Amino acid sequence: MDQRDLAATVFGSTAARYLSSTVHATGADLDRLADLVRIAPVSSALDLGCGAGHASFALARGGAERVVAYDVSARMLEVVTGAADSRGYRQIETRGGPAERMPFHEASFDMVVTRYSAHHWLDVHRALREVGRVLKPGGLFVVIDVLAPENPLLDTALQAAELLRDPSHVRNYRGSEWHAMLAAANFSQPGADCWKLDMEFDAWVRRIGTSDERIAALKVVFDEFPREVREYYSVSQERSFAIDAGWFEARLQPPAAR
């Protein structure tokens, strides 16, 4: 099973949990997405790596005329369809596939959003080129994801814990990496914001269905983290912690500006 199939399997078996997950279903970033659409009306938006659809719901709530929820997991898309119907969001439709190869025509969307998904992409550079292909010139791209610290020790600790918890994890990128990758994909210099995201350990592992063996190993890893790591991530006695999340907002530059 390759990494992409693994992600589809992992998230297919846990899809319903992500619909009710507090971390995923709430947050000021969702209100900010809805406000973006209210301020500058959007006729077509893509939620790339939609998961249980919370960004799609925010876009629809803000008034986007058409929202495509796109994910590699068919089970996640079933959850989105059911939740969208129950909430009356008739403008939401679903499509399946990987971020690196999208079944959409060039310049199909006014806006593309990806929320807590990019750290699962096998080839982030190719995925960003695909975003540029399906986004209209001057269109808006919003990335919301967990951020790795610039400090190598803190970065390594985060990646180790994430991969042990979830074998479909690829990488949480540093802010500097996002700036460089967006520039390489012909996006404007992004506006960026970051905040702390509180993670309760038991909910964190239960949500993804981490095996008992991996949970036991994670507890050892957390208990053996160096002092610098424990302090930065505010690791508690119960092993709950806080990580960095970020918002990057950039526009696809028109051909003349590239």
# chains A, B, ... in the order shown; residues from 1 in each chain; ligands from 1
>>> select_by_dssp(residues="region 111-238 of chain A", states="strand (DSSP E)", output="list of chain:residue names")
A:Met111, A:Val112, A:Val113, A:Thr114, A:Arg115, A:Leu135, A:Lys136, A:Pro137, A:Gly138, A:Gly139, A:Leu140, A:Phe141, A:Val142, A:Val143, A:Ile144, A:Asp145, A:Val146, A:Leu147, A:Gly191, A:Ala192, A:Asp193, A:Cys194, A:Trp195, A:Lys196, A:Leu197, A:Asp198, A:Met199
>>> write_last_selection(atoms="C-alpha atoms", output="compact mmCIF listing (two decimals), in the first residue's frame")
# COMPACT_ATOMS: atom_id res chain seq x y z
CA MET A 111 -10.65 30.56 -4.84
CA VAL A 112 -8.85 27.45 -3.55
CA VAL A 113 -8.64 26.61 0.14
CA THR A 114 -6.76 23.79 1.83
CA ARG A 115 -7.17 23.28 5.57
CA LEU A 135 -7.14 28.70 -10.16
CA LYS A 136 -8.07 31.71 -12.26
CA PRO A 137 -5.33 34.37 -12.71
CA GLY A 138 -5.52 36.67 -9.73
CA GLY A 139 -7.52 34.06 -7.84
CA LEU A 140 -7.07 33.59 -4.11
CA PHE A 141 -5.31 30.63 -2.50
CA VAL A 142 -5.58 30.07 1.26
CA VAL A 143 -3.45 27.51 3.09
CA ILE A 144 -4.33 26.63 6.69
CA ASP A 145 -2.17 24.00 8.32
CA VAL A 146 -0.03 23.00 11.27
CA LEU A 147 3.37 24.67 11.06
CA GLY A 191 0.04 37.38 3.96
CA ALA A 192 0.58 35.13 6.96
CA ASP A 193 -0.80 34.70 10.47
CA CYS A 194 -0.13 32.05 13.09
CA TRP A 195 -1.65 30.92 16.35
CA LYS A 196 -1.44 28.13 18.91
CA LEU A 197 -3.63 25.06 18.56
CA ASP A 198 -4.31 23.14 21.77
CA MET A 199 -4.26 19.35 21.38
>>> residues_around(residues="region 229-245 of chain A", least_positions_apart="6", cutoff="12 Å", atoms="only C-alpha atoms", output="VMD selection string")
chain A and resid 23 27 to 29 115 to 116 119 143 to 159 161 to 162 172 to 175 192 to 205 215 to 216 218 to 223
>>> write_last_selection(atoms="N, CA and C atoms", output="short mmCIF file (atom, residue, chain, number, x, y, z; two decimals), in the first residue's frame")
data_model
loop_
_atom_site.label_atom_id
_atom_site.label_comp_id
_atom_site.auth_asym_id
_atom_site.auth_seq_id
_atom_site.Cartn_x
_atom_site.Cartn_y
_atom_site.Cartn_z
N VAL A 23 -11.32 20.32 17.17
CA VAL A 23 -10.18 20.98 16.52
C VAL A 23 -10.51 21.33 15.07
N GLY A 27 -13.12 27.13 15.13
CA GLY A 27 -11.91 27.94 14.98
C GLY A 27 -12.20 29.26 14.29
N ALA A 28 -11.47 30.28 14.70
CA ALA A 28 -11.64 31.60 14.09
C ALA A 28 -11.30 31.59 12.62
N ASP A 29 -10.47 30.63 12.19
CA ASP A 29 -10.10 30.56 10.77
C ASP A 29 -11.31 30.22 9.90
N ARG A 115 -7.20 23.14 4.12
CA ARG A 115 -7.17 23.28 5.57
C ARG A 115 -6.79 21.95 6.22
N TYR A 116 -5.67 21.93 6.91
CA TYR A 116 -5.17 20.74 7.61
C TYR A 116 -5.10 19.53 6.69
N HIS A 119 -0.14 18.61 4.81
CA HIS A 119 0.89 17.77 5.41
C HIS A 119 0.74 16.30 5.04
N VAL A 143 -4.00 28.72 2.47
CA VAL A 143 -3.45 27.51 3.09
C VAL A 143 -3.59 27.66 4.60
N ILE A 144 -4.22 26.68 5.23
CA ILE A 144 -4.33 26.63 6.69
C ILE A 144 -3.78 25.28 7.12
N ASP A 145 -2.74 25.28 7.94
CA ASP A 145 -2.17 24.00 8.32
C ASP A 145 -1.32 24.16 9.57
N VAL A 146 -0.98 23.02 10.17
CA VAL A 146 -0.03 23.00 11.27
C VAL A 146 1.33 23.40 10.72
N LEU A 147 2.06 24.20 11.47
CA LEU A 147 3.37 24.67 11.06
C LEU A 147 4.47 24.01 11.89
N ALA A 148 5.56 23.65 11.23
CA ALA A 148 6.74 23.20 11.94
C ALA A 148 7.56 24.41 12.36
N PRO A 149 8.15 24.39 13.54
CA PRO A 149 9.01 25.51 13.95
C PRO A 149 10.26 25.57 13.08
N GLU A 150 10.87 26.74 13.02
CA GLU A 150 12.10 26.91 12.25
C GLU A 150 13.29 26.21 12.93
N ASN A 151 13.21 26.04 14.23
CA ASN A 151 14.27 25.37 14.99
C ASN A 151 14.32 23.88 14.63
N PRO A 152 15.47 23.34 14.20
CA PRO A 152 15.53 21.94 13.76
C PRO A 152 15.11 20.91 14.82
N LEU A 153 15.50 21.11 16.06
CA LEU A 153 15.13 20.17 17.11
C LEU A 153 13.61 20.13 17.28
N LEU A 154 12.99 21.30 17.35
CA LEU A 154 11.54 21.36 17.54
C LEU A 154 10.80 20.81 16.33
N ASP A 155 11.33 21.06 15.14
CA ASP A 155 10.77 20.52 13.91
C ASP A 155 10.82 19.00 13.93
N THR A 156 11.99 18.44 14.23
CA THR A 156 12.16 16.99 14.24
C THR A 156 11.24 16.32 15.25
N ALA A 157 11.09 16.91 16.41
CA ALA A 157 10.22 16.35 17.44
C ALA A 157 8.78 16.29 16.95
N LEU A 158 8.32 17.36 16.30
CA LEU A 158 6.95 17.39 15.79
C LEU A 158 6.73 16.32 14.73
N GLN A 159 7.64 16.23 13.77
CA GLN A 159 7.47 15.25 12.68
C GLN A 159 7.48 13.83 13.22
N ALA A 161 6.57 12.75 16.23
CA ALA A 161 5.31 12.46 16.92
C ALA A 161 4.16 12.31 15.93
N GLU A 162 4.11 13.17 14.92
CA GLU A 162 3.03 13.11 13.94
C GLU A 162 3.06 11.79 13.16
N ASN A 172 4.79 18.43 8.21
CA ASN A 172 4.32 19.78 8.50
C ASN A 172 5.46 20.73 8.10
N TYR A 173 5.14 21.71 7.25
CA TYR A 173 6.18 22.58 6.71
C TYR A 173 6.40 23.81 7.59
N ARG A 174 7.61 24.33 7.55
CA ARG A 174 7.94 25.57 8.25
C ARG A 174 7.34 26.75 7.48
N GLY A 175 7.15 27.86 8.19
CA GLY A 175 6.65 29.06 7.53
C GLY A 175 7.55 29.48 6.38
N ALA A 192 0.49 36.30 6.08
CA ALA A 192 0.58 35.13 6.96
C ALA A 192 0.21 35.51 8.40
N ASP A 193 -0.47 34.58 9.05
CA ASP A 193 -0.80 34.70 10.47
C ASP A 193 -0.58 33.34 11.11
N CYS A 194 -0.27 33.33 12.39
CA CYS A 194 -0.13 32.05 13.09
C CYS A 194 -0.73 32.15 14.48
N TRP A 195 -1.05 30.99 15.04
CA TRP A 195 -1.65 30.92 16.35
C TRP A 195 -1.35 29.55 16.95
N LYS A 196 -1.65 29.39 18.23
CA LYS A 196 -1.44 28.13 18.91
C LYS A 196 -2.72 27.29 18.85
N LEU A 197 -2.53 26.00 18.65
CA LEU A 197 -3.63 25.06 18.56
C LEU A 197 -3.47 24.05 19.69
N ASP A 198 -4.39 24.04 20.63
CA ASP A 198 -4.31 23.14 21.77
C ASP A 198 -4.77 21.74 21.37
N MET A 199 -3.97 20.73 21.73
CA MET A 199 -4.26 19.35 21.38
C MET A 199 -4.33 18.50 22.65
N GLU A 200 -5.47 17.89 22.87
CA GLU A 200 -5.64 16.99 24.01
C GLU A 200 -5.19 15.60 23.56
N PHE A 201 -4.22 15.03 24.27
CA PHE A 201 -3.53 13.82 23.78
C PHE A 201 -4.49 12.69 23.46
N ASP A 202 -5.39 12.35 24.38
CA ASP A 202 -6.27 11.20 24.16
C ASP A 202 -7.16 11.41 22.94
N ALA A 203 -7.70 12.62 22.78
CA ALA A 203 -8.53 12.91 21.61
C ALA A 203 -7.70 12.89 20.34
N TRP A 204 -6.47 13.35 20.42
CA TRP A 204 -5.56 13.41 19.27
C TRP A 204 -5.30 12.03 18.69
N VAL A 205 -5.05 11.06 19.55
CA VAL A 205 -4.78 9.70 19.06
C VAL A 205 -6.06 8.94 18.74
N ILE A 215 0.36 4.18 20.49
CA ILE A 215 0.05 5.10 21.59
C ILE A 215 1.05 4.91 22.72
N ALA A 216 1.37 3.66 23.02
CA ALA A 216 2.35 3.39 24.08
C ALA A 216 3.71 3.98 23.71
N LEU A 218 4.21 6.53 21.67
CA LEU A 218 4.08 7.98 21.73
C LEU A 218 4.24 8.50 23.16
N LYS A 219 3.66 7.79 24.10
CA LYS A 219 3.78 8.22 25.50
C LYS A 219 5.23 8.23 25.94
N VAL A 220 5.99 7.22 25.51
CA VAL A 220 7.42 7.18 25.84
C VAL A 220 8.14 8.36 25.20
N VAL A 221 7.84 8.61 23.93
CA VAL A 221 8.47 9.72 23.21
C VAL A 221 8.18 11.04 23.90
N PHE A 222 6.91 11.28 24.24
CA PHE A 222 6.54 12.54 24.90
C PHE A 222 7.25 12.67 26.24
N ASP A 223 7.33 11.57 26.99
CA ASP A 223 7.97 11.63 28.30
C ASP A 223 9.48 11.85 28.21
#
>>> closest_residue(among="A:Met76, A:Pro226, A:Asp85, A:Glu213", to="Leu164 (chain A)", atoms="only C-alpha atoms")
A:Glu213
>>> residues_around(residues="Gly97 (chain A)", least_positions_apart="5", cutoff="10 Å", atoms="only C-alpha atoms", output="number ranges by chain")
A: 4, 8, 48-49, 70-74, 102-103
>>> write_last_selection(atoms="N, CA and C atoms", output="compact mmCIF listing (two decimals), in the first residue's frame")
# COMPACT_ATOMS: atom_id res chain seq x y z
N ARG A 4 -0.45 7.31 -0.51
CA ARG A 4 -1.76 7.89 -0.85
C ARG A 4 -2.89 6.93 -0.50
N ALA A 8 -6.00 7.35 2.31
CA ALA A 8 -7.42 7.09 2.03
C ALA A 8 -7.99 6.07 3.00
N LEU A 48 -9.63 21.88 -1.13
CA LEU A 48 -8.67 20.87 -1.53
C LEU A 48 -8.22 20.04 -0.33
N GLY A 49 -8.52 18.73 -0.36
CA GLY A 49 -8.26 17.90 0.80
C GLY A 49 -9.26 18.23 1.88
N TYR A 70 -13.15 18.32 -2.31
CA TYR A 70 -12.30 17.37 -3.05
C TYR A 70 -11.38 16.66 -2.07
N ASP A 71 -11.36 15.32 -2.14
CA ASP A 71 -10.55 14.56 -1.20
C ASP A 71 -10.21 13.20 -1.79
N VAL A 72 -9.13 12.61 -1.29
CA VAL A 72 -8.71 11.29 -1.76
C VAL A 72 -9.55 10.18 -1.12
N SER A 73 -10.23 10.48 -0.01
CA SER A 73 -11.02 9.48 0.72
C SER A 73 -12.49 9.53 0.33
N ALA A 74 -12.98 8.45 -0.28
CA ALA A 74 -14.39 8.38 -0.66
C ALA A 74 -15.30 8.45 0.55
N MET A 102 -5.56 16.77 -10.34
CA MET A 102 -6.96 17.12 -10.16
C MET A 102 -7.74 17.05 -11.48
N PRO A 103 -8.97 16.57 -11.43
CA PRO A 103 -9.78 16.38 -12.64
C PRO A 103 -10.57 17.63 -13.03
>>> residues_around(residues="Leu128 (chain A)", least_positions_apart="5", cutoff="8 Å", atoms="only C-alpha atoms", output="number ranges by chain")
A: 100, 181-182, 185
>>> write_last_selection(atoms="N, CA and C atoms", output="CSV table (one decimal), in the first residue's frame")
chain,number,residue,atom,x,y,z
A,100,GLU,N,-2.3,16.1,-6.2
A,100,GLU,CA,-1.3,16.3,-7.2
A,100,GLU,C,-1.8,16.1,-8.7
A,181,MET,N,7.8,27.9,-1.3
A,181,MET,CA,7.1,27.0,-2.2
A,181,MET,C,6.0,27.8,-2.9
A,182,LEU,N,5.3,28.7,-2.3
A,182,LEU,CA,4.3,29.5,-2.9
A,182,LEU,C,5.0,30.4,-4.0
A,185,ALA,N,5.7,28.5,-7.1
A,185,ALA,CA,4.5,28.1,-7.8
A,185,ALA,C,3.8,29.3,-8.4
>>> select_by_dssp(residues="region 28-241 of chain A", states="helix (DSSP H, G or I)", output="PyMOL selection string")
chain A and resi 28-39+54-62+74-87+118-120+124-134+152-165+175-184+201-208+212-224+227-232
>>> residues_around(residues="Leu30 (chain A)", least_positions_apart="4", cutoff="8 Å", atoms="only C-alpha atoms", output="PyMOL selection string")
chain A and resi 26+34+54-55+58
>>> write_last_selection(atoms="C-alpha atoms", output="PDB file, in the first residue's frame")
ATOM      1  CA  THR A  26     -14.371  25.078  15.157  1.00  0.00           C
ATOM      2  CA  ALA A  34     -16.748  32.835   5.575  1.00  0.00           C
ATOM      3  CA  HIS A  54     -15.584  22.158   7.520  1.00  0.00           C
ATOM      4  CA  ALA A  55     -13.898  24.627   5.155  1.00  0.00           C
ATOM      5  CA  ALA A  58     -17.617  27.917   5.923  1.00  0.00           C
TER       6      ALA A  58
END
>>> atom_distance(atom1="CA of His24 (chain A)", atom2="CA of Ser86 (chain A)")
18.3 Å
>>> atom_distance(atom1="CA of His169 (chain A)", atom2="CA of Ser117 (chain A)")
9.7 Å
>>> residues_around(residues="Ala184 (chain A)", least_positions_apart="4", cutoff="12 Å", atoms="only C-alpha atoms", output="list in words")
Val124, His125, Arg126, Leu128, Arg129, Gly132, Glu177, Trp178, His179, Ala180, Ser188, Gln189, Leu252, Gln253 and Arg258 of chain A
>>> residues_around(residues="Val37 (chain A)", least_positions_apart="6", cutoff="8 Å", atoms="only C-alpha atoms", output="NGL selection string")
:A and (59 or 62-64)
